[in-house]
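Visitor: Just dropping this structure here.
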Amino acid sequence: MSFSYFSDEHDRGSAGTITLSDDKGRSLECYIEHSLEVDGQGYFLLLPVDSPVEIFAWQGEDEEEEAVLVEDDATIEQIFSTAQAVLSEQNLVLKNTAYALTVAGELPPVEESELFTLEIEDEQSDLEPEQLQLLASFYYEEQEYAIYTPLDPLLFFARISKSGKPELLSPEESRQVQPLLEEHLFNGVE
């Protein structure tokens with residue numbers, strides 16, 4: 001296996017972009033954070049241009065209350081215009097983009113009182129808790145929802161397919177390329 005690094009983008013003003021598309025025809029514009037070539041195949045570490053957001057539904061009562069991630073497209077479609085209106089009050093534009101909901105606009109400064117720690121329960125791996133910043137909350141048909149943005153960046157691994165279009169790597173391919181990319185990133189820091 002041979003590999004070489006052919007790009008290292010640090011200045012987002014001059015960074016190239018790639019647009020990912022999903023099977024529903026939605027797109028997600030991303031900055032090319034880093035790129036690397038392995039055996040003649042170009043791989044990219046991508047960061048969405050707009051900030052990713054997640055919508056949670058609050059369920060239960062008082063101390064038993066639990067945040068449940070809304071992943072169902074039908075539910076997102078129902079609540080989308082309400083969520084869009086609530087975010088527009090902060091000059092944020094909600095977008096139903098490929099692979100993640102995103103918002104365009106300047107996020108408010110991080111306040112400790114607005115942070116939420118999401119404990120991810122996965123028996124197969126030790127995932128770190130994710131810190132999220134509350135952007136807005138709203139009710140839709142008596143259900144409380146909250147819109148959060150992760151404090152850690154949302155990154156995607158992609159490659160250019162034989163047809164010339166960027167595509168996300170499968171989980172297996174990501175596991176193979178990630179160590180090479182991490183090695184490159186750590187060598188760049190030293």
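Ligands are numbered from 1 in the order shown, chains are lettered A, B, ... in the order of the structure tokens, and residues start at 1 in each chain.
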I'd like to know which residues of range 80-117 of chain A are strand (DSSP E or B) (by DSSP, run on the backbone); could you write them as a PyMOL selection string?

Guide: chain A and resi 93-97+100-104+115-117

Visitor: One number please: CA of Phe44 in chain A to CA of Phe156 in chain A, in Å, one decimal.

Guide: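 So the two atoms, CA of Phe44 in chain A and CA of Phe156 in chain A, lie 8.0 Å apart.
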
Visitor: As a ChimeraX atom specification, please: all residues of range 114-188 of chain A that backbone DSSP puts in alpha helix (DSSP H).

Guide: /A:171-188

Visitor: Could you take the residues named above and write them with all heavy atoms, as a CSV table (one decimal), in the first residue's frame?

Guide:
chain,number,residue,atom,x,y,z
A,171,PRO,N,-18.3,2.4,6.3
A,171,PRO,CA,-17.6,2.3,7.7
A,171,PRO,C,-16.3,1.5,7.6
A,171,PRO,O,-15.4,1.8,8.2
A,171,PRO,CB,-18.7,1.6,8.5
A,171,PRO,CG,-20.0,1.9,7.9
A,171,PRO,CD,-19.7,2.0,6.4
A,172,GLU,N,-16.3,0.4,6.8
A,172,GLU,CA,-15.1,-0.4,6.7
A,172,GLU,C,-14.0,0.4,6.0
A,172,GLU,O,-12.8,0.4,6.5
A,172,GLU,CB,-15.4,-1.6,5.8
A,172,GLU,CG,-14.2,-2.6,5.7
A,172,GLU,CD,-14.6,-3.8,4.9
A,172,GLU,OE1,-15.5,-4.5,5.2
A,172,GLU,OE2,-13.9,-4.0,3.9
A,173,GLU,N,-14.3,1.1,4.9
A,173,GLU,CA,-13.2,1.9,4.3
A,173,GLU,C,-12.8,3.0,5.2
A,173,GLU,O,-11.6,3.4,5.3
A,173,GLU,CB,-13.8,2.6,3.0
A,173,GLU,CG,-14.0,1.6,1.9
A,173,GLU,CD,-14.8,2.2,0.7
A,173,GLU,OE1,-15.8,2.8,0.9
A,173,GLU,OE2,-14.2,2.2,-0.4
A,174,SER,N,-13.7,3.6,6.0
A,174,SER,CA,-13.3,4.7,6.9
A,174,SER,C,-12.3,4.2,8.0
A,174,SER,O,-11.3,4.8,8.3
A,174,SER,CB,-14.5,5.2,7.7
A,174,SER,OG,-15.3,6.0,6.8
A,175,ARG,N,-12.5,2.9,8.4
A,175,ARG,CA,-11.6,2.3,9.4
A,175,ARG,C,-10.2,2.1,8.8
A,175,ARG,O,-9.2,2.2,9.5
A,175,ARG,CB,-12.2,1.0,10.0
A,175,ARG,CG,-13.3,1.2,11.0
A,175,ARG,CD,-13.6,-0.1,11.7
A,175,ARG,NE,-14.4,-1.0,10.8
A,175,ARG,CZ,-15.7,-0.9,10.6
A,175,ARG,NH1,-16.4,0.0,11.2
A,175,ARG,NH2,-16.2,-1.8,9.8
A,176,GLN,N,-10.1,1.8,7.5
A,176,GLN,CA,-8.9,1.6,6.9
A,176,GLN,C,-8.1,2.9,6.6
A,176,GLN,O,-6.9,3.0,6.8
A,176,GLN,CB,-9.0,0.9,5.5
A,176,GLN,CG,-9.5,-0.5,5.7
A,176,GLN,CD,-9.9,-1.1,4.3
A,176,GLN,OE1,-9.9,-0.5,3.3
A,176,GLN,NE2,-10.2,-2.4,4.3
A,177,VAL,N,-8.8,4.0,6.2
A,177,VAL,CA,-8.2,5.2,5.9
A,177,VAL,C,-7.9,6.1,7.1
A,177,VAL,O,-6.9,6.8,7.1
A,177,VAL,CB,-9.0,6.0,4.8
A,177,VAL,CG1,-8.5,7.4,4.5
A,177,VAL,CG2,-9.1,5.2,3.5
A,178,GLN,N,-8.8,6.0,8.1
A,178,GLN,CA,-8.6,6.9,9.2
A,178,GLN,C,-7.3,6.9,9.9
A,178,GLN,O,-6.7,8.0,10.2
A,178,GLN,CB,-9.7,6.6,10.3
A,178,GLN,CG,-9.8,7.6,11.4
A,178,GLN,CD,-11.0,7.4,12.3
A,178,GLN,OE1,-11.8,6.5,12.1
A,178,GLN,NE2,-11.1,8.2,13.3
A,179,PRO,N,-6.6,5.7,10.2
A,179,PRO,CA,-5.3,5.8,10.8
A,179,PRO,C,-4.3,6.5,9.9
A,179,PRO,O,-3.4,7.2,10.5
A,179,PRO,CB,-5.0,4.3,10.9
A,179,PRO,CG,-6.3,3.5,10.9
A,179,PRO,CD,-7.2,4.4,10.0
A,180,LEU,N,-4.3,6.3,8.6
A,180,LEU,CA,-3.4,7.1,7.7
A,180,LEU,C,-3.6,8.6,7.8
A,180,LEU,O,-2.6,9.3,7.9
A,180,LEU,CB,-3.6,6.6,6.3
A,180,LEU,CG,-3.3,5.1,6.0
A,180,LEU,CD1,-3.6,4.7,4.6
A,180,LEU,CD2,-1.8,4.8,6.3
A,181,LEU,N,-4.9,9.0,7.8
A,181,LEU,CA,-5.2,10.4,7.9
A,181,LEU,C,-4.8,11.0,9.3
A,181,LEU,O,-4.2,12.0,9.3
A,181,LEU,CB,-6.7,10.6,7.6
A,181,LEU,CG,-7.1,12.0,7.2
A,181,LEU,CD1,-6.2,12.5,6.1
A,181,LEU,CD2,-8.5,12.0,6.8
A,182,GLU,N,-5.0,10.2,10.3
A,182,GLU,CA,-4.7,10.7,11.7
A,182,GLU,C,-3.1,10.8,11.8
A,182,GLU,O,-2.6,11.8,12.4
A,182,GLU,CB,-5.2,9.7,12.7
A,182,GLU,CG,-6.7,9.9,12.9
A,182,GLU,CD,-7.3,8.9,13.9
A,182,GLU,OE1,-6.5,7.9,14.3
A,182,GLU,OE2,-8.5,9.0,14.2
A,183,GLU,N,-2.4,9.8,11.2
A,183,GLU,CA,-0.9,9.9,11.2
A,183,GLU,C,-0.5,11.2,10.5
A,183,GLU,O,0.4,11.9,11.0
A,183,GLU,CB,-0.4,8.7,10.5
A,183,GLU,CG,1.1,8.6,10.5
A,183,GLU,CD,1.6,7.4,9.7
A,183,GLU,OE1,1.1,6.3,9.9
A,183,GLU,OE2,2.6,7.6,8.9
A,184,HIS,N,-1.1,11.5,9.4
A,184,HIS,CA,-0.7,12.7,8.6
A,184,HIS,C,-1.1,13.9,9.5
A,184,HIS,O,-0.3,14.9,9.5
A,184,HIS,CB,-1.5,12.7,7.3
A,184,HIS,CG,-1.4,14.0,6.6
A,184,HIS,ND1,-0.2,14.5,6.1
A,184,HIS,CD2,-2.3,14.9,6.3
A,184,HIS,CE1,-0.4,15.7,5.6
A,184,HIS,NE2,-1.7,16.0,5.6
A,185,LEU,N,-2.2,13.9,10.1
A,185,LEU,CA,-2.6,15.1,10.9
A,185,LEU,C,-1.6,15.3,12.1
A,185,LEU,O,-1.2,16.4,12.4
A,185,LEU,CB,-4.0,14.9,11.5
A,185,LEU,CG,-5.1,15.0,10.4
A,185,LEU,CD1,-6.5,14.6,11.1
A,185,LEU,CD2,-5.2,16.3,9.7
A,186,PHE,N,-1.3,14.2,12.8
A,186,PHE,CA,-0.4,14.3,13.9
A,186,PHE,C,1.0,14.7,13.5
A,186,PHE,O,1.7,15.5,14.2
A,186,PHE,CB,-0.4,13.1,14.8
A,186,PHE,CG,-1.6,12.8,15.5
A,186,PHE,CD1,-2.3,11.6,15.4
A,186,PHE,CD2,-2.1,13.8,16.4
A,186,PHE,CE1,-3.5,11.4,16.1
A,186,PHE,CE2,-3.3,13.6,17.1
A,186,PHE,CZ,-4.0,12.4,16.9
A,187,ASN,N,1.5,14.2,12.4
A,187,ASN,CA,2.8,14.6,11.8
A,187,ASN,C,2.8,16.1,11.4
A,187,ASN,O,3.8,16.8,11.6
A,187,ASN,CB,3.2,13.8,10.6
A,187,ASN,CG,3.5,12.3,11.0
A,187,ASN,OD1,3.8,12.1,12.2
A,187,ASN,ND2,3.5,11.4,10.1
A,188,GLY,N,1.7,16.6,11.0
A,188,GLY,CA,1.6,18.0,10.6
A,188,GLY,C,1.6,18.9,11.8
A,188,GLY,O,2.1,20.1,11.7

Visitor: By how many Å are CA of Glu111 in chain A and CA of Ile147 in chain A apart?

Guide: 15.0 Å

Visitor: What is the distance, in Å and to one decimal place, between CA of Ser137 in chain A and CA of Pro52 in chain A?

Guide: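 Separation of CA of Ser137 in chain A and CA of Pro52 in chain A: 16.1 Å.
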
Visitor: So, counting only C-alpha atoms, which residue among A:Leu135, A:Val38, A:Val53, A:Val86 is closest to Pro108 in chain A?

Guide: A:Leu135

Visitor: Considering only C-alpha atoms, state which residue in the set A:Lys95, A:Pro109, A:Leu36, A:Thr149 is at the smallest distance from Ala136 in chain A.

Guide: A:Thr149

Visitor: Rank nothing, just name the residue among A:Gly25, A:Pro150, A:Gly16, A:Pro166 nearest to Ile55 in chain A, using only C-alpha atoms.

Guide: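 Of A:Gly25, A:Pro150, A:Gly16, A:Pro166, the one nearest Ile55 in chain A is A:Pro150, counting only C-alpha atoms.
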
Visitor: Here is a test: counting only C-alpha atoms, which residue of A:Ile18, A:Leu28, A:Leu155, A:Ala67 is nearest to Asn96 in chain A?

Guide: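 Closest to Asn96 in chain A, using only C-alpha atoms: A:Leu28.
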
Visitor: Which residue is closest to Phe56 in chain A? Choose from A:Glu144, A:Asp73, A:Glu128, A:Asp152 and count only C-alpha atoms.

Guide: A:Glu144

Visitor: I need the residue nearest Glu66 in chain A from this list: A:Tyr31, A:Phe80, A:Tyr140, A:Tyr145. Use only C-alpha atoms for the distance.

Guide: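 Checking each candidate against Glu66 in chain A, we get A:Tyr145 as the closest.
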
Visitor: What's around Ala104 in chain A at 8 Å? Count only C-alpha atoms, leave out sequence neighbours fewer than 4 positions away in its own chain, and write the answer as number ranges by chain.

Guide: A: 50-51, 92-95

Visitor: Next, write the just-selected residues to a file, as a short mmCIF file (atom, residue, chain, number, x, y, z; two decimals), in the first residue's frame, keeping C-alpha atoms as the atom set.

Guide:
data_model
loop_
_atom_site.label_atom_id
_atom_site.label_comp_id
_atom_site.auth_asym_id
_atom_site.auth_seq_id
_atom_site.Cartn_x
_atom_site.Cartn_y
_atom_site.Cartn_z
CA ASP A 50 -22.68 25.23 7.50
CA SER A 51 -22.95 24.16 11.14
CA LEU A 92 -29.92 31.26 11.48
CA VAL A 93 -31.24 29.46 8.40
CA LEU A 94 -32.12 25.78 8.91
CA LYS A 95 -31.34 23.52 5.92
#
